[in-house]
Each structure stands twice: as C-alpha cells, then as structure tokens.
Amino acid sequence: MTTTTSRPDSAAAVAGAPIPRPGVLDAPLYVPGTHKAGDDPSVPPAILSANENPLGCSAAAIEAYRAAGETLHRYPDGGSIELRHAIGEVHGLDPERIVCGAGSDELITLLIRAYAGPGDEVLHSRHGFLMYSITARTVGADPVAAPETNLATDVDQMLAHVSARTKIVFVANPNNPTGSWIPRAELERLRDGLPAHVLLVIDSAYAEYVEADGYDDGRALVDAGENVVMTRTFSKIYGLAALRLGWAYAPAGVLDALGRLRSPFNVSSAAQAAGVAAVRDRAFIERSVRENAEQRLRLTQSLQQLGLEVPPSVCNFVLAGFADEAAASAANRFLLGRGVITRVMGAYGLPRYLRITVGTGEEVTRCLDALADFLKS
Ligand SMILES: *Cc1c(COP(=O)(O)O)cnc(C)c1O
C-alpha cells in the first residue's frame, strides 16, 4: 500500500472537455494520514500519523483564534505585518525578509511555480518530503531523486545530480520521514557547489525539535546570498496544523517573486492572530521539546527492544523497520484495529517501515503495547 495514487485516467479522458496544462494530470495525489481507527467509537484513536503536536497548541493561541471570530467580516491584513514582526522578534530575523503562507506547503508550491516549469528539474534526496516531487510534476518539471547514505541527505550525491536543467534543490533538514539531519557545514558545502542561478530551499519544518550540536535552521545561508530560502511551519511543534500557517525567510529577489504569485489574502486573520500568540509562547515550545525528547527516547528504545530497526531521529517521529513490506503493512493494519494510527511509507520508497509520530506518554504506551501483541501473534 502506498500513500499516493495516480488520478484515474477517466478524469482526463472525456472527449472535448478542457485539458489541464502538461504535468497536472501526471502529479500523484498526496493522500494524508487518516484520523479514524479502532472498533470502539467511544475510544478516541491515538493519531500518530501526521507529526502533529500531541500536546495541542498554546492556550494563548486558542484565545487569539476565538477573538478573531469577532471580525470575520473583514479581510485579513494581506501583508501579515503583525505576525511577521512577531516572528522576526522571536527568531531575531528581519521581518521585511519574511513572507507568510497558508502552510509551508503553499510557499513550497509558490517557489516551484516561480522557478521551475516544463523541462526543468527539481532535485531532492531519495526519501525527501513527498510534496517536492508531487508539486514539481504539477508544473511540468521533472523531479530528480539523489541517493541518500544511511537514510540521510548525501551532499556529494546531491551535487552529482545537479544538471543544466536543475532549477531548485530541496533539502528538508531535518528530513521527514527519515528523521535525519545534516550539519550546517554540509549545507554550506551544498550551497557552495550549486550554480548561483539554482535556488536552494532549506525546509526547516522540524527545526525547533533539534537539539544536536552543529545543527542550524539555515538562516545564515539565506543572509549570505541570493539563492537560499528557509521555510518554516506552524503545523508541527506549534500545533496549529488546522489553521494552515507557514513562513519563509528569503532574499529580496525571491520575496519579490513570491509576493507577485501569492494571492493577496493568502493567510486568514484567525491564522495570523493565533500565530502571533503561538510564536510568543516560548514556554509551550520548551515543554513540547522536552516531552518529545523524553517520549522519543522511550519509543525508540522500546521499539528496539521489540526487535525493530529504528534509525536515529531528531524529530517528533521515528521510523520503525520491519522484516519486509508485508510485515510493515500487517503491523499497520493491526495497530489500526487497536485504534493506533501510524503511516505506511511505500510512497517514500521505504515500504518496510512505518512512521510513528511521538505521542503523549499514554499514546506511546498504547502503540508499544499493540505492537508487542502484534509481534507475539
Ligand atoms: C509537515 C511538513 C511540511 C508542511 O507543513 P505545512 O506548513 O503544514 O504545509 C513541510 N515540510 C516538511 C518536511 C513537513 O514534514
């Protein structure tokens, strides 16, 4: 089982009907993780399939979201000014070089639309985040996958796969779904090896979770030139996935292109208000980092004790490796029956793995108990 499917041919085959631009119908559909499982509807499932924050979000963000309900008849601030200033203040970045989007997915899409088209190549690592290749196809560009080493981005391989057609290089650091990361010096080596006209996008969706020495979200590389962009999201540690909110830190030329392509009111007022409160609530982020690290360690060690392979992860999820694809999908089905939702990884080229989001202590226990029963059965 994979998490993408091709669109049915019949959708494109109605004689005389409008035909989408080249590439659109070649794009596989992204199938999000399910949020439903278990036989007993009175027991809520443990949703460990989408790397959401199991602690929810900042209470101040919910309050700000509710207050935004009073002004639903007004258009949002098209420049997300207060939010960009709050992000800039908290992260020590120039708000004029920040652009907000409806999730970082929107910004990734706009970057691809701005810099790639038919015949161009969009480079990513073999098990890189799926939206890079899916979205590249929608504009008629060709996604190119560079092999990884030990499930991590290999800078030499990335550089070896740059061609005259390469327009954008995506690196998720750390990467989803592998949980691996590369140090700042390696990112610099990648940037230094790229032609100046190739855009390097550093997707730091999980930056807040990383405690490793030598890790950097990529901001210094953005400052150092004209061809590096960093993207961030409020969907993961901030726990605001439902609101669709992300941002990018970018050089002037890229900001200009994104500013022309994005729709004028791409971020809702409620998302902006909640985002301002969320980014200022550092206590919630610190607690989330702490509890994640604790439960990730426990999940990793217990999975290993169950005999499963667990590649090192610095994120809020881990991969669990089974003997083969059949074992991984049987485990996934068994877990679903017990109300525990994980994610199969066939679409990422990792068919013998499940990706498991680090849940609350209770959710981790439910997952481990169910897996222990599965492995006994
Ligand atoms: C979840 C995720 C995103 C997308 O986040 P949104 O802001 O919700 O669109 C981007 N990149 C990676 C690597 C992710 O895992």
# chains A, B, ... in the order shown; residues from 1 in each chain; ligands from 1
$ residues_around --residues "A:Ile112" --least-positions-apart "3" --cutoff "12 Å" --atoms "only C-alpha atoms" --output "number ranges by chain"
A: 105-109, 115-118, 120-123, 131-143, 166-170, 198-201, 254, 257-258, 261
$ write_last_selection --atoms "C-alpha atoms" --output "mmCIF file, in the first residue's frame"
data_model
loop_
_atom_site.group_PDB
_atom_site.id
_atom_site.type_symbol
_atom_site.label_atom_id
_atom_site.label_comp_id
_atom_site.auth_asym_id
_atom_site.auth_seq_id
_atom_site.Cartn_x
_atom_site.Cartn_y
_atom_site.Cartn_z
ATOM 1 C CA ASP A 105 3.126 23.747 1.562
ATOM 2 C CA GLU A 106 1.791 26.898 -0.106
ATOM 3 C CA LEU A 107 5.231 28.503 -0.017
ATOM 4 C CA ILE A 108 6.855 25.355 -1.429
ATOM 5 C CA THR A 109 4.270 25.371 -4.238
ATOM 6 C CA TYR A 115 11.350 28.966 -10.509
ATOM 7 C CA ALA A 116 10.506 25.736 -12.358
ATOM 8 C CA GLY A 117 8.459 24.794 -15.401
ATOM 9 C CA PRO A 118 8.248 22.218 -18.193
ATOM 10 C CA ASP A 120 13.228 21.863 -15.679
ATOM 11 C CA GLU A 121 14.469 19.621 -12.889
ATOM 12 C CA VAL A 122 13.691 19.852 -9.183
ATOM 13 C CA LEU A 123 16.237 17.962 -7.111
ATOM 14 C CA MET A 131 5.454 17.362 -1.724
ATOM 15 C CA TYR A 132 8.628 18.444 -3.572
ATOM 16 C CA SER A 133 8.277 15.818 -6.290
ATOM 17 C CA ILE A 134 4.470 15.910 -6.402
ATOM 18 C CA THR A 135 4.373 19.687 -6.821
ATOM 19 C CA ALA A 136 7.251 19.686 -9.320
ATOM 20 C CA ARG A 137 5.134 17.439 -11.546
ATOM 21 C CA THR A 138 2.148 19.824 -11.419
ATOM 22 C CA VAL A 139 4.196 22.489 -13.244
ATOM 23 C CA GLY A 140 5.564 20.007 -15.790
ATOM 24 C CA ALA A 141 9.022 19.875 -14.178
ATOM 25 C CA ASP A 142 10.879 16.609 -13.600
ATOM 26 C CA PRO A 143 11.655 15.632 -10.011
ATOM 27 C CA THR A 166 18.224 21.930 -12.365
ATOM 28 C CA LYS A 167 16.303 24.959 -11.084
ATOM 29 C CA ILE A 168 15.555 24.145 -7.441
ATOM 30 C CA VAL A 169 17.216 21.928 -4.814
ATOM 31 C CA PHE A 170 15.103 20.978 -1.796
ATOM 32 C CA VAL A 198 19.913 27.384 -8.723
ATOM 33 C CA LEU A 199 17.600 28.019 -5.770
ATOM 34 C CA LEU A 200 18.361 26.056 -2.579
ATOM 35 C CA VAL A 201 15.290 25.614 -0.362
ATOM 36 C CA VAL A 254 12.708 35.574 -4.032
ATOM 37 C CA ALA A 257 8.601 36.650 -6.909
ATOM 38 C CA LEU A 258 6.556 35.149 -4.062
ATOM 39 C CA LEU A 261 2.467 34.910 -7.123
#
$ residues_near_ligand --ligand "ligand 1" --cutoff "9 Å" --atoms "only C-alpha atoms and all ligand atoms" --output "PyMOL selection string"
chain A and resi 50-52+101-108+128-132+171-177+203-206+231-236+240-247
$ closest_residue --among "A:Gly119, A:Pro351, A:Pro28, A:Gly275" --to "A:Ile81" --atoms "only C-alpha atoms"
A:Gly275
$ atom_distance --atom1 "atom CA of A:Ala370" --atom2 "atom CA of A:Arg352"
18.1 Å
$ atom_distance --atom1 "atom CA of A:Leu336" --atom2 "atom CA of A:Glu362"
16.4 Å
$ closest_residue --among "A:Asp216, A:Asp369, A:Glu363, A:Asp223" --to "A:Ala252" --atoms "only C-alpha atoms"
A:Asp223
$ closest_atom_pairs --of "stretch 200-293 of chain A" --to "stretch 179-190 of chain A" --cutoff "8 Å" --atoms "only C-alpha atoms" --output "CSV"
residue,atom,partner,partner_atom,distance
A:Gly214,CA,A:Pro183,CA,5.2
A:Tyr215,CA,A:Pro183,CA,5.0
A:Asp216,CA,A:Arg184,CA,5.5
A:Gly218,CA,A:Arg184,CA,7.2
A:Leu221,CA,A:Glu188,CA,7.2
$ closest_residue --among "A:Pro32, A:Pro264, A:Pro312, A:Gly253" --to "A:Ala347" --atoms "only C-alpha atoms"
A:Pro32
$ closest_residue --among "A:Ala372, A:Ala67, A:Ala273, A:Leu48" --to "A:Phe317" --atoms "only C-alpha atoms"
A:Leu48
$ select_by_dssp --residues "stretch 280-351 of chain A" --states "alpha helix (DSSP H)" --output "PyMOL selection string"
chain A and resi 280+282-305+325-337
$ closest_residue --among "A:Phe374, A:Ala326, A:Pro54, A:Leu350" --to "A:Glu291" --atoms "only C-alpha atoms"
A:Pro54
$ closest_residue --among "A:Gly359, A:Pro45, A:Gly321, A:Gly337" --to "A:Glu294" --atoms "only C-alpha atoms"
A:Gly359
$ atom_distance --atom1 "atom CA of A:Ala224" --atom2 "atom CA of A:Gly193"
14.4 Å
